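*Asks:* This is model_14.csv (CSV, C-alpha atoms).
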chain,number,residue,atom,x,y,z
A,236,MET,CA,121.8,209.2,123.1
A,237,ASN,CA,124.6,208.5,125.6
A,238,GLY,CA,127.0,205.5,125.4
A,239,ASN,CA,124.9,203.2,127.6
A,240,GLU,CA,121.7,204.0,125.7
A,241,LYS,CA,123.5,203.4,122.4
A,242,THR,CA,124.8,200.0,123.5
A,243,ARG,CA,121.3,199.0,124.6
A,244,ALA,CA,119.8,200.2,121.4
A,245,ILE,CA,122.3,198.2,119.3
A,246,GLY,CA,121.7,195.1,121.6
A,247,GLY,CA,118.0,195.5,121.1
A,248,LEU,CA,118.4,195.8,117.4
A,249,LEU,CA,120.5,192.7,117.2
A,250,ALA,CA,118.0,190.8,119.4
A,251,ARG,CA,115.2,191.9,117.2
A,252,LEU,CA,117.0,190.9,114.0
A,253,THR,CA,118.1,187.6,115.3
A,254,LEU,CA,114.7,186.6,116.6
A,255,ALA,CA,113.0,187.9,113.4
A,256,GLY,CA,115.5,185.9,111.3
A,257,VAL,CA,114.7,182.7,113.1
A,258,PHE,CA,111.0,183.2,112.6
A,259,ILE,CA,111.4,184.2,108.9
A,260,TYR,CA,113.6,181.1,108.3
A,261,SER,CA,111.2,178.8,110.1
A,262,GLY,CA,108.2,180.2,108.2
A,263,LEU,CA,109.9,180.0,104.8
A,264,VAL,CA,111.2,176.4,105.3
A,265,LYS,CA,107.7,175.3,106.1
A,266,LEU,CA,106.0,177.3,103.4
A,267,MET,CA,108.3,175.8,100.7
A,268,ALA,CA,107.4,172.3,101.7
A,269,PRO,CA,104.0,170.5,101.5
A,270,PRO,CA,101.8,171.6,104.4
A,271,GLU,CA,101.0,168.0,105.1
A,272,GLU,CA,104.6,167.5,106.2
A,273,PHE,CA,104.2,170.1,109.0
A,274,ALA,CA,100.7,168.8,109.7
A,275,TYR,CA,102.2,165.3,110.5
A,276,ALA,CA,104.5,167.0,113.0
A,277,ILE,CA,101.7,168.9,114.6
A,278,GLU,CA,99.6,165.7,114.9
A,279,THR,CA,102.4,164.0,116.9
A,280,TYR,CA,101.7,166.5,119.7
A,281,ARG,CA,98.2,164.9,120.1
A,282,ILE,CA,96.5,168.2,120.8
A,283,LEU,CA,94.7,168.7,117.4
A,284,ASN,CA,93.1,166.1,115.2
A,285,SER,CA,94.4,165.6,111.7
A,286,GLN,CA,92.0,168.1,110.0
A,287,LEU,CA,92.8,170.9,112.5
A,288,SER,CA,96.5,170.0,112.3
A,289,LEU,CA,96.3,170.6,108.6
A,290,TRP,CA,94.6,174.0,109.0
A,291,ALA,CA,97.3,174.9,111.6
A,292,ALA,CA,100.0,173.8,109.2
A,293,TYR,CA,98.5,176.1,106.5
A,294,ALA,CA,98.3,179.1,108.9
A,295,VAL,CA,101.3,178.9,111.3
A,296,PRO,CA,104.1,179.3,108.7
A,297,TRP,CA,102.5,182.4,107.3
A,298,VAL,CA,102.0,183.9,110.7
A,299,GLU,CA,105.7,183.2,111.5
A,300,LEU,CA,106.8,184.8,108.3
A,301,TYR,CA,104.7,188.0,108.6
A,302,ALA,CA,105.5,188.4,112.3
A,303,GLY,CA,109.2,187.9,111.6
A,304,LEU,CA,109.2,190.4,108.8
A,305,LEU,CA,107.3,193.1,110.7
A,306,LEU,CA,109.6,192.6,113.7
A,307,ALA,CA,112.7,192.9,111.6
A,308,ALA,CA,111.5,196.1,110.0
A,309,GLY,CA,110.4,197.4,113.4
A,310,VAL,CA,106.8,198.0,112.5
A,311,TYR,CA,104.9,198.3,115.8
A,312,THR,CA,108.1,196.9,117.4
A,313,ARG,CA,106.7,196.4,121.0
A,314,VAL,CA,103.5,194.8,119.8
A,315,MET,CA,105.4,192.5,117.5
A,316,ALA,CA,107.9,191.6,120.2
A,317,ALA,CA,105.1,190.9,122.6
A,318,PHE,CA,103.4,188.8,120.0
A,319,HIS,CA,106.6,186.7,119.6
A,320,ILE,CA,106.7,186.3,123.4
A,321,VAL,CA,103.2,184.9,123.3
A,322,MET,CA,104.0,182.6,120.3
A,323,LEU,CA,107.2,181.3,122.0
A,324,ALA,CA,105.4,180.7,125.3
A,325,GLY,CA,102.7,178.8,123.4
A,326,PHE,CA,105.4,176.6,121.7
A,327,GLU,CA,107.0,176.0,125.1
A,328,LEU,CA,103.7,174.8,126.5
A,329,LEU,CA,103.3,172.4,123.6
A,330,LEU,CA,106.8,171.1,124.0
A,331,ALA,CA,106.4,170.8,127.8
A,332,GLN,CA,103.1,168.8,127.6
A,333,ALA,CA,104.6,166.5,125.0
A,334,TRP,CA,107.6,165.9,127.3
A,335,LEU,CA,105.4,165.4,130.4
A,336,ARG,CA,103.1,163.0,128.6
A,337,GLY,CA,106.2,161.1,127.2
A,338,LEU,CA,105.0,161.4,123.6
A,339,PRO,CA,107.3,159.6,121.2
A,340,ILE,CA,108.4,162.8,119.3
A,341,THR,CA,111.8,162.6,117.8
A,342,SER,CA,111.6,165.8,115.8
A,343,CYS,CA,109.6,168.8,116.8
A,344,GLY,CA,108.8,169.9,113.3
A,345,CYS,CA,109.8,173.5,114.1
A,346,PHE,CA,112.0,174.0,111.1
A,347,GLY,CA,110.1,171.7,108.7
A,348,ALA,CA,110.4,167.9,108.5
A,349,LYS,CA,114.1,167.7,107.6
A,350,GLY,CA,115.9,170.1,109.9
A,351,SER,CA,114.1,169.9,113.2
A,352,ASN,CA,115.5,169.6,116.7
A,353,SER,CA,114.6,167.2,119.4
A,354,LEU,CA,112.1,168.4,122.1
A,355,SER,CA,114.7,169.1,124.7
A,356,GLN,CA,116.9,171.0,122.2
A,357,GLU,CA,114.0,173.0,121.0
A,358,PHE,CA,112.8,173.8,124.6
A,359,ILE,CA,116.2,175.2,125.5
A,360,MET,CA,116.5,177.1,122.2
A,361,ASN,CA,113.0,178.7,122.8
A,362,ILE,CA,114.2,179.9,126.2
A,363,GLY,CA,117.0,181.7,124.5
A,364,LEU,CA,114.6,183.1,121.9
A,365,LEU,CA,112.3,184.3,124.7
A,366,CYS,CA,115.2,186.2,126.2
A,367,LEU,CA,115.8,187.8,122.8
A,368,ALA,CA,112.1,188.6,122.5
A,369,TYR,CA,112.2,190.3,125.9
A,370,ALA,CA,115.3,192.3,124.8
A,371,ALA,CA,113.6,193.3,121.6
A,372,PHE,CA,110.5,194.3,123.6
A,373,ARG,CA,112.5,196.5,126.0
A,374,TYR,CA,115.3,197.9,123.8
A,375,GLY,CA,114.4,197.1,120.2
A,376,GLY,CA,112.5,200.4,119.5
A,377,ASP,CA,115.5,202.3,118.0
A,378,TYR,CA,116.6,201.8,114.4
A,379,SER,CA,113.1,200.8,113.5
A,380,ALA,CA,110.3,201.8,111.1
A,381,ASP,CA,108.4,203.1,114.1
A,382,LYS,CA,111.2,205.6,114.9
A,383,ALA,CA,111.7,206.6,111.2
A,384,VAL,CA,108.0,207.3,110.8
A,385,GLU,CA,107.9,209.2,114.1
A,386,LYS,CA,110.9,211.4,113.0
A,387,ARG,CA,109.2,212.2,109.7
A,388,ALA,CA,106.0,213.1,111.5
A,389,ALA,CA,107.8,215.4,113.9
B,94,MET,CA,90.5,207.7,113.4
B,95,ILE,CA,93.9,206.6,112.3
B,96,ASP,CA,96.5,209.3,112.6
B,97,ARG,CA,99.2,209.9,110.0
B,98,LYS,CA,101.9,207.9,111.9
B,99,ASN,CA,99.8,204.8,112.3
B,100,GLY,CA,98.5,205.1,108.7
B,101,ARG,CA,102.1,205.0,107.4
B,102,LEU,CA,103.0,202.1,109.7
B,103,LEU,CA,99.9,200.2,108.6
B,104,ALA,CA,100.6,200.8,105.0
B,105,LEU,CA,104.2,199.7,105.4
B,106,GLY,CA,103.1,196.5,107.2
B,107,ALA,CA,100.5,195.8,104.6
B,108,ALA,CA,103.0,196.3,101.8
B,109,MET,CA,105.4,193.9,103.4
B,110,ILE,CA,102.8,191.2,103.9
B,111,PHE,CA,101.6,191.6,100.3
B,112,LEU,CA,105.1,191.4,98.8
B,113,SER,CA,106.2,188.5,101.0
B,114,THR,CA,103.1,186.6,100.1
B,115,LEU,CA,103.7,187.2,96.4
B,116,ALA,CA,107.3,186.2,96.7
B,117,VAL,CA,106.5,182.9,98.4
B,118,LEU,CA,103.7,182.0,96.0
B,119,LEU,CA,106.0,182.7,93.0
B,120,ALA,CA,108.8,180.7,94.6
B,121,ARG,CA,106.5,177.8,95.0
B,122,GLN,CA,105.2,178.1,91.5
B,123,PHE,CA,108.8,178.1,90.1
B,124,SER,CA,109.7,175.1,92.3
B,125,VAL,CA,112.4,177.0,94.2
B,126,GLY,CA,111.8,174.9,97.3
B,127,PRO,CA,113.6,171.7,98.1
B,128,GLU,CA,112.3,168.6,96.6
B,129,ARG,CA,111.4,165.6,98.6
B,130,PRO,CA,113.9,162.8,98.2
B,131,VAL,CA,112.6,159.6,96.5
B,132,PRO,CA,113.7,156.0,97.1
B,133,ALA,CA,116.8,155.0,95.1
B,134,TRP,CA,114.8,152.4,93.1
B,135,ARG,CA,112.7,155.2,91.5
B,136,VAL,CA,115.8,157.0,90.1
B,137,PHE,CA,117.4,156.0,86.8
B,138,GLY,CA,120.6,157.3,85.2
B,139,PRO,CA,123.8,158.7,86.6
B,140,GLU,CA,123.9,161.5,89.2
B,141,THR,CA,126.2,163.5,86.9
B,142,ALA,CA,123.7,163.5,84.0
B,143,PRO,CA,123.3,167.0,82.6
B,144,VAL,CA,119.6,166.5,82.0
B,145,ASN,CA,117.3,165.7,84.8
B,146,ILE,CA,113.7,164.7,84.3
B,147,VAL,CA,111.3,164.4,87.2
B,148,GLU,CA,108.0,162.7,86.2
B,149,TYR,CA,104.8,162.8,88.2
B,150,THR,CA,103.0,159.7,87.1
B,151,ASP,CA,99.9,157.6,87.8
B,152,PHE,CA,99.8,153.9,87.1
B,153,GLY,CA,96.2,154.1,86.1
B,154,CYS,CA,96.6,156.8,83.5
B,155,PRO,CA,96.9,155.7,79.8
B,156,ALA,CA,99.0,158.7,78.9
B,157,CYS,CA,101.5,157.8,81.6
B,158,ARG,CA,101.8,154.3,80.1
B,159,HIS,CA,102.6,155.9,76.8
B,160,ALA,CA,105.1,158.3,78.4
B,161,SER,CA,106.8,155.4,80.3
B,162,ALA,CA,107.6,153.7,77.0
B,163,LYS,CA,109.0,157.0,75.7
B,164,LEU,CA,111.2,157.5,78.8
B,165,ASP,CA,112.5,154.0,78.6
B,166,GLU,CA,113.5,154.7,75.0
B,167,MET,CA,115.1,158.0,75.9
B,168,LEU,CA,117.1,156.4,78.7
B,169,ARG,CA,118.4,153.8,76.2
B,170,VAL,CA,119.3,156.3,73.5
B,171,PHE,CA,120.8,159.0,75.8
B,172,ASP,CA,122.5,156.6,78.1
B,173,GLY,CA,124.6,158.6,80.6
B,174,GLY,CA,123.1,162.0,79.7
B,175,LEU,CA,119.8,161.5,81.3
B,176,ARG,CA,118.6,161.0,84.8
B,177,VAL,CA,114.9,160.2,85.4
B,178,THR,CA,113.1,160.4,88.8
B,179,PHE,CA,109.6,158.9,89.1
B,180,LYS,CA,107.2,160.5,91.6
B,181,ASN,CA,103.7,159.4,92.3
B,182,TYR,CA,100.7,161.5,91.5
B,183,PRO,CA,97.8,159.1,91.5
B,184,LEU,CA,94.6,160.8,90.4
B,185,LEU,CA,92.4,159.2,93.1
B,186,ASN,CA,89.1,160.5,91.9
B,187,ILE,CA,89.3,158.8,88.5
B,188,HIS,CA,91.7,155.9,89.2
B,189,PRO,CA,90.7,154.4,92.5
B,190,TRP,CA,93.4,151.7,92.4
B,191,SER,CA,96.3,153.9,91.5
B,192,LEU,CA,97.3,154.7,95.1
B,193,ARG,CA,97.4,150.9,95.9
B,194,ALA,CA,99.3,150.3,92.7
B,195,ALA,CA,101.8,153.0,93.5
B,196,ALA,CA,102.3,151.6,97.0
B,197,LEU,CA,102.8,148.1,95.7
B,198,ALA,CA,105.3,149.3,93.1
B,199,ASP,CA,107.3,151.1,95.7
B,200,CYS,CA,107.3,148.0,97.9
B,201,ALA,CA,108.4,145.9,94.9
B,202,GLY,CA,111.2,148.4,94.7
B,203,ALA,CA,112.1,147.6,98.2
B,204,GLN,CA,112.4,144.0,97.1
B,205,GLY,CA,114.6,145.1,94.1
B,206,ARG,CA,112.0,144.9,91.3
B,207,PHE,CA,110.4,148.4,91.0
B,208,LYS,CA,111.0,148.8,87.3
B,209,GLU,CA,109.6,145.3,86.4
B,210,TYR,CA,106.5,145.6,88.6
B,211,ALA,CA,105.8,149.2,87.3
B,212,GLY,CA,106.2,147.8,83.8
B,213,LEU,CA,103.6,145.1,84.4
B,214,LEU,CA,101.3,147.6,86.0
B,215,PHE,CA,101.4,149.8,82.9
B,216,GLU,CA,101.1,146.8,80.6
B,217,GLY,CA,98.0,145.4,82.3
B,218,GLN,CA,96.5,148.8,83.2
B,219,GLU,CA,93.3,148.3,81.2
B,220,LYS,CA,92.6,145.0,83.1
B,221,TRP,CA,93.1,146.2,86.7
B,222,SER,CA,92.3,149.9,86.5
B,223,PRO,CA,88.4,149.6,86.2
B,224,ALA,CA,88.2,146.8,88.8
B,225,LYS,CA,85.5,147.1,91.4
B,226,ALA,CA,87.3,145.0,94.1
B,227,GLU,CA,91.1,144.7,94.7
B,228,PRO,CA,92.4,143.5,91.3
B,229,ALA,CA,93.8,140.0,91.2
B,230,GLU,CA,96.5,141.3,88.8
B,231,PHE,CA,98.4,142.9,91.6
B,232,GLN,CA,99.1,139.5,93.2
B,233,ALA,CA,99.6,137.8,89.8
B,234,TYR,CA,102.4,140.3,88.9
B,235,ALA,CA,104.1,139.8,92.2
B,236,LYS,CA,104.0,136.0,91.6
B,237,GLN,CA,105.3,136.5,88.1
B,238,LEU,CA,108.3,138.4,89.5
B,239,LYS,CA,108.7,136.0,92.4
B,240,LEU,CA,108.1,138.7,94.9
B,241,ASP,CA,107.2,137.9,98.5
B,242,TRP,CA,103.5,138.7,98.3
B,243,PRO,CA,102.6,138.8,102.1
B,244,ALA,CA,105.6,141.2,102.6
B,245,LEU,CA,104.6,143.3,99.7
B,246,GLN,CA,101.0,143.6,101.0
B,247,ALA,CA,102.2,144.5,104.5
B,248,CYS,CA,104.6,147.1,103.1
B,249,ALA,CA,101.9,148.6,100.9
B,250,GLU,CA,99.6,149.0,103.9
B,251,ASP,CA,102.3,150.5,106.1
B,252,PRO,CA,101.3,154.1,107.0
B,253,LYS,CA,104.9,155.2,106.2
B,254,THR,CA,104.6,153.9,102.6
B,255,LEU,CA,101.2,155.7,102.1
B,256,GLN,CA,102.5,158.8,103.8
B,257,ARG,CA,105.4,159.0,101.4
B,258,ILE,CA,103.1,158.8,98.4
B,259,ARG,CA,100.6,161.3,99.8
B,260,LEU,CA,103.4,163.8,100.5
B,261,GLU,CA,104.5,163.4,96.9
B,262,ILE,CA,100.9,164.2,95.8
B,263,SER,CA,101.0,167.3,97.9
B,264,GLU,CA,104.4,168.3,96.6
B,265,GLY,CA,103.0,167.9,93.1
B,266,ASP,CA,100.0,170.1,94.1
B,267,MET,CA,102.5,172.8,95.3
B,268,ARG,CA,104.3,172.6,92.0
B,269,GLY,CA,101.1,173.1,90.1
B,270,VAL,CA,100.8,169.5,88.9
B,271,SER,CA,97.2,168.8,88.0
B,272,ALA,CA,97.4,166.3,85.2
B,273,THR,CA,99.6,163.2,84.5
B,274,PRO,CA,102.1,162.7,83.3
B,275,THR,CA,103.8,166.0,84.2
B,276,PHE,CA,107.5,166.3,83.7
B,277,PHE,CA,110.1,168.8,84.9
B,278,ILE,CA,113.0,168.7,82.5
B,279,ASN,CA,115.8,170.6,84.2
B,280,GLY,CA,113.0,172.5,85.9
B,281,ARG,CA,111.0,173.2,82.7
B,282,ARG,CA,107.5,171.9,82.9
B,283,ALA,CA,106.0,169.6,80.2
B,284,VAL,CA,102.7,167.8,80.3
B,285,GLY,CA,102.2,164.7,78.3
B,286,SER,CA,104.8,162.8,76.2
B,287,GLY,CA,104.4,165.2,73.2
B,288,GLN,CA,105.6,168.2,75.3
B,289,LEU,CA,108.2,165.9,76.9
B,290,ILE,CA,109.8,165.3,73.5
B,291,ASP,CA,109.5,169.0,72.5
B,292,GLN,CA,111.3,170.1,75.7
B,293,ALA,CA,113.8,167.3,75.5
B,294,MET,CA,114.8,168.4,72.0
B,295,LYS,CA,115.9,171.7,73.4
B,296,PHE,CA,118.5,169.7,75.4
B,297,ASP,CA,119.4,167.5,72.4
B,298,ASN,CA,123.0,168.8,72.0
B,299,ILE,CA,123.7,168.3,75.7
B,300,LEU,CA,122.1,164.9,75.6
B,301,ARG,CA,124.1,163.8,72.6
B,302,GLY,CA,127.3,165.2,74.0
B,303,ALA,CA,126.9,163.3,77.3
B,304,ARG,CA,126.0,160.0,75.6
B,305,LYS,CA,128.4,157.2,76.5
B,306,PRO,CA,130.6,156.2,73.5
Let me see the structure of the file written as structure tokens.
*Replies:*
Amino acid sequence: MNGNEKTRAIGGLLARLTLAGVFIYSGLVKLMAPPEEFAYAIETYRILNSQLSLWAAYAVPWVELYAGLLLAAGVYTRVMAAFHIVMLAGFELLLAQAWLRGLPITSCGCFGAKGSNSLSQEFIMNIGLLCLAYAAFRYGGDYSADKAVEKRAA
Amino acid sequence: MIDRKNGRLLALGAAMIFLSTLAVLLARQFSVGPERPVPAWRVFGPETAPVNIVEYTDFGCPACRHASAKLDEMLRVFDGGLRVTFKNYPLLNIHPWSLRAAALADCAGAQGRFKEYAGLLFEGQEKWSPAKAEPAEFQAYAKQLKLDWPALQACAEDPKTLQRIRLEISEGDMRGVSATPTFFINGRRAVGSGQLIDQAMKFDNILRGARKP
């Protein structure tokens, strides 16, 4: 590995760990609070009814936690990074439709009921996270479980 | 067929998912997560008290009435050493008026009379709890305490009030509360006033040491 490749690999690793950390934190904060709390936040986007919001509130935090952990460890790194890109794009669409419809949402519910950002803050933060996800997708393959298993198999 | 590399990665992923699920479920069970804040009128005793009791209660439950008297006595005896926080856990399937009672008590708290209204609710529990229609006692207690009844009613029907109580119920569910009264004494669970006394006795030295002279 030459100097440039090494820098890219470390950058990819940092991007992967930062993005994974955000998702793990976000999932844990919601999992340690009553699901109804997050369900109320989902309802304010007026996409799902209250029953479906509750189901989403049960499922989404687990998905965030698992996806974050797998990305951090580098298990199927590219697949997981792509999955994060899809999730983040989905969140951006939700935020954008709420903003376009002028929905009165003061807290996005992204990090539980207590520590959430406003729609605009979250939208901007998600763009940053999308960049990290792209970097993890392109350069995050080194220093990962994928590579360790590959080396052992070789 | 899955090759060796994919097999290892799948096994690693599955192990991580299994262990993280286990860790989260255990953390929930041991109440590691943050607690929802409660309104100030439902908290009694100084912030510095060494023994903290969180009670999940139901105004329609006879055992909660009994425990309420015990807690009042403990607050009197261990003045300064004890802090008690009341949380609502109305058992809606057996006490249909408990949610309404909890909302009214909270709204009486907003008017500065939580303790008194809660006391009257427990005292008259046998009268209002089995009622078929909205019990007249709710209004009578409000009048007795000179509360603003229309404001009390409006507050009790406010979705924010009901949401606060429902979130407390789901917090109780997450902490494994299934019966009332359930107490957490410095994090240790006790169900019913018998267990409350047993657990509190373990903190006897601390409580006596912290008592105001």
*Asks:* Which of these, B:Gly202, B:Gly280, B:Pro252, B:Pro132, has the shortest distance to chain A once you count only C-alpha atoms?
*Replies:* B:Pro252
*Asks:* Just need the residues of chain B within 10 Å of chain A, counting all atoms listed in the file, so spit them out as an NGL selection string.
*Replies:* :B and (97-103 or 105-107 or 109-111 or 113-114 or 117-118 or 120-122 or 124-129 or 256-257 or 259-268)
*Asks:* Please identify all polymer residues within 7 Å of B:Ser222, counting all atoms listed in the file, omitting same-chain residues fewer than 5 positions from it, and present them as number ranges by chain.
*Replies:* B: 153, 188, 190
*Asks:* Which of these, B:Phe137, B:Phe231, B:Phe277, B:Phe123, has the shortest distance to B:Phe215 once you count all atoms listed in the file?
*Replies:*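 Residue with the minimum atom-to-atom distance to B:Phe215: B:Phe231.
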*Asks:* Report as JSON the centre and the edge lengths, in Å to one decimal, of the axis-aligned box holding every listed atom of stretch 371-374 of chain A, padded by 4 Å on each side.
*Replies:*
{"center_x": 112.9, "center_y": 195.6, "center_z": 123.8, "size_x": 12.8, "size_y": 12.6, "size_z": 12.4}
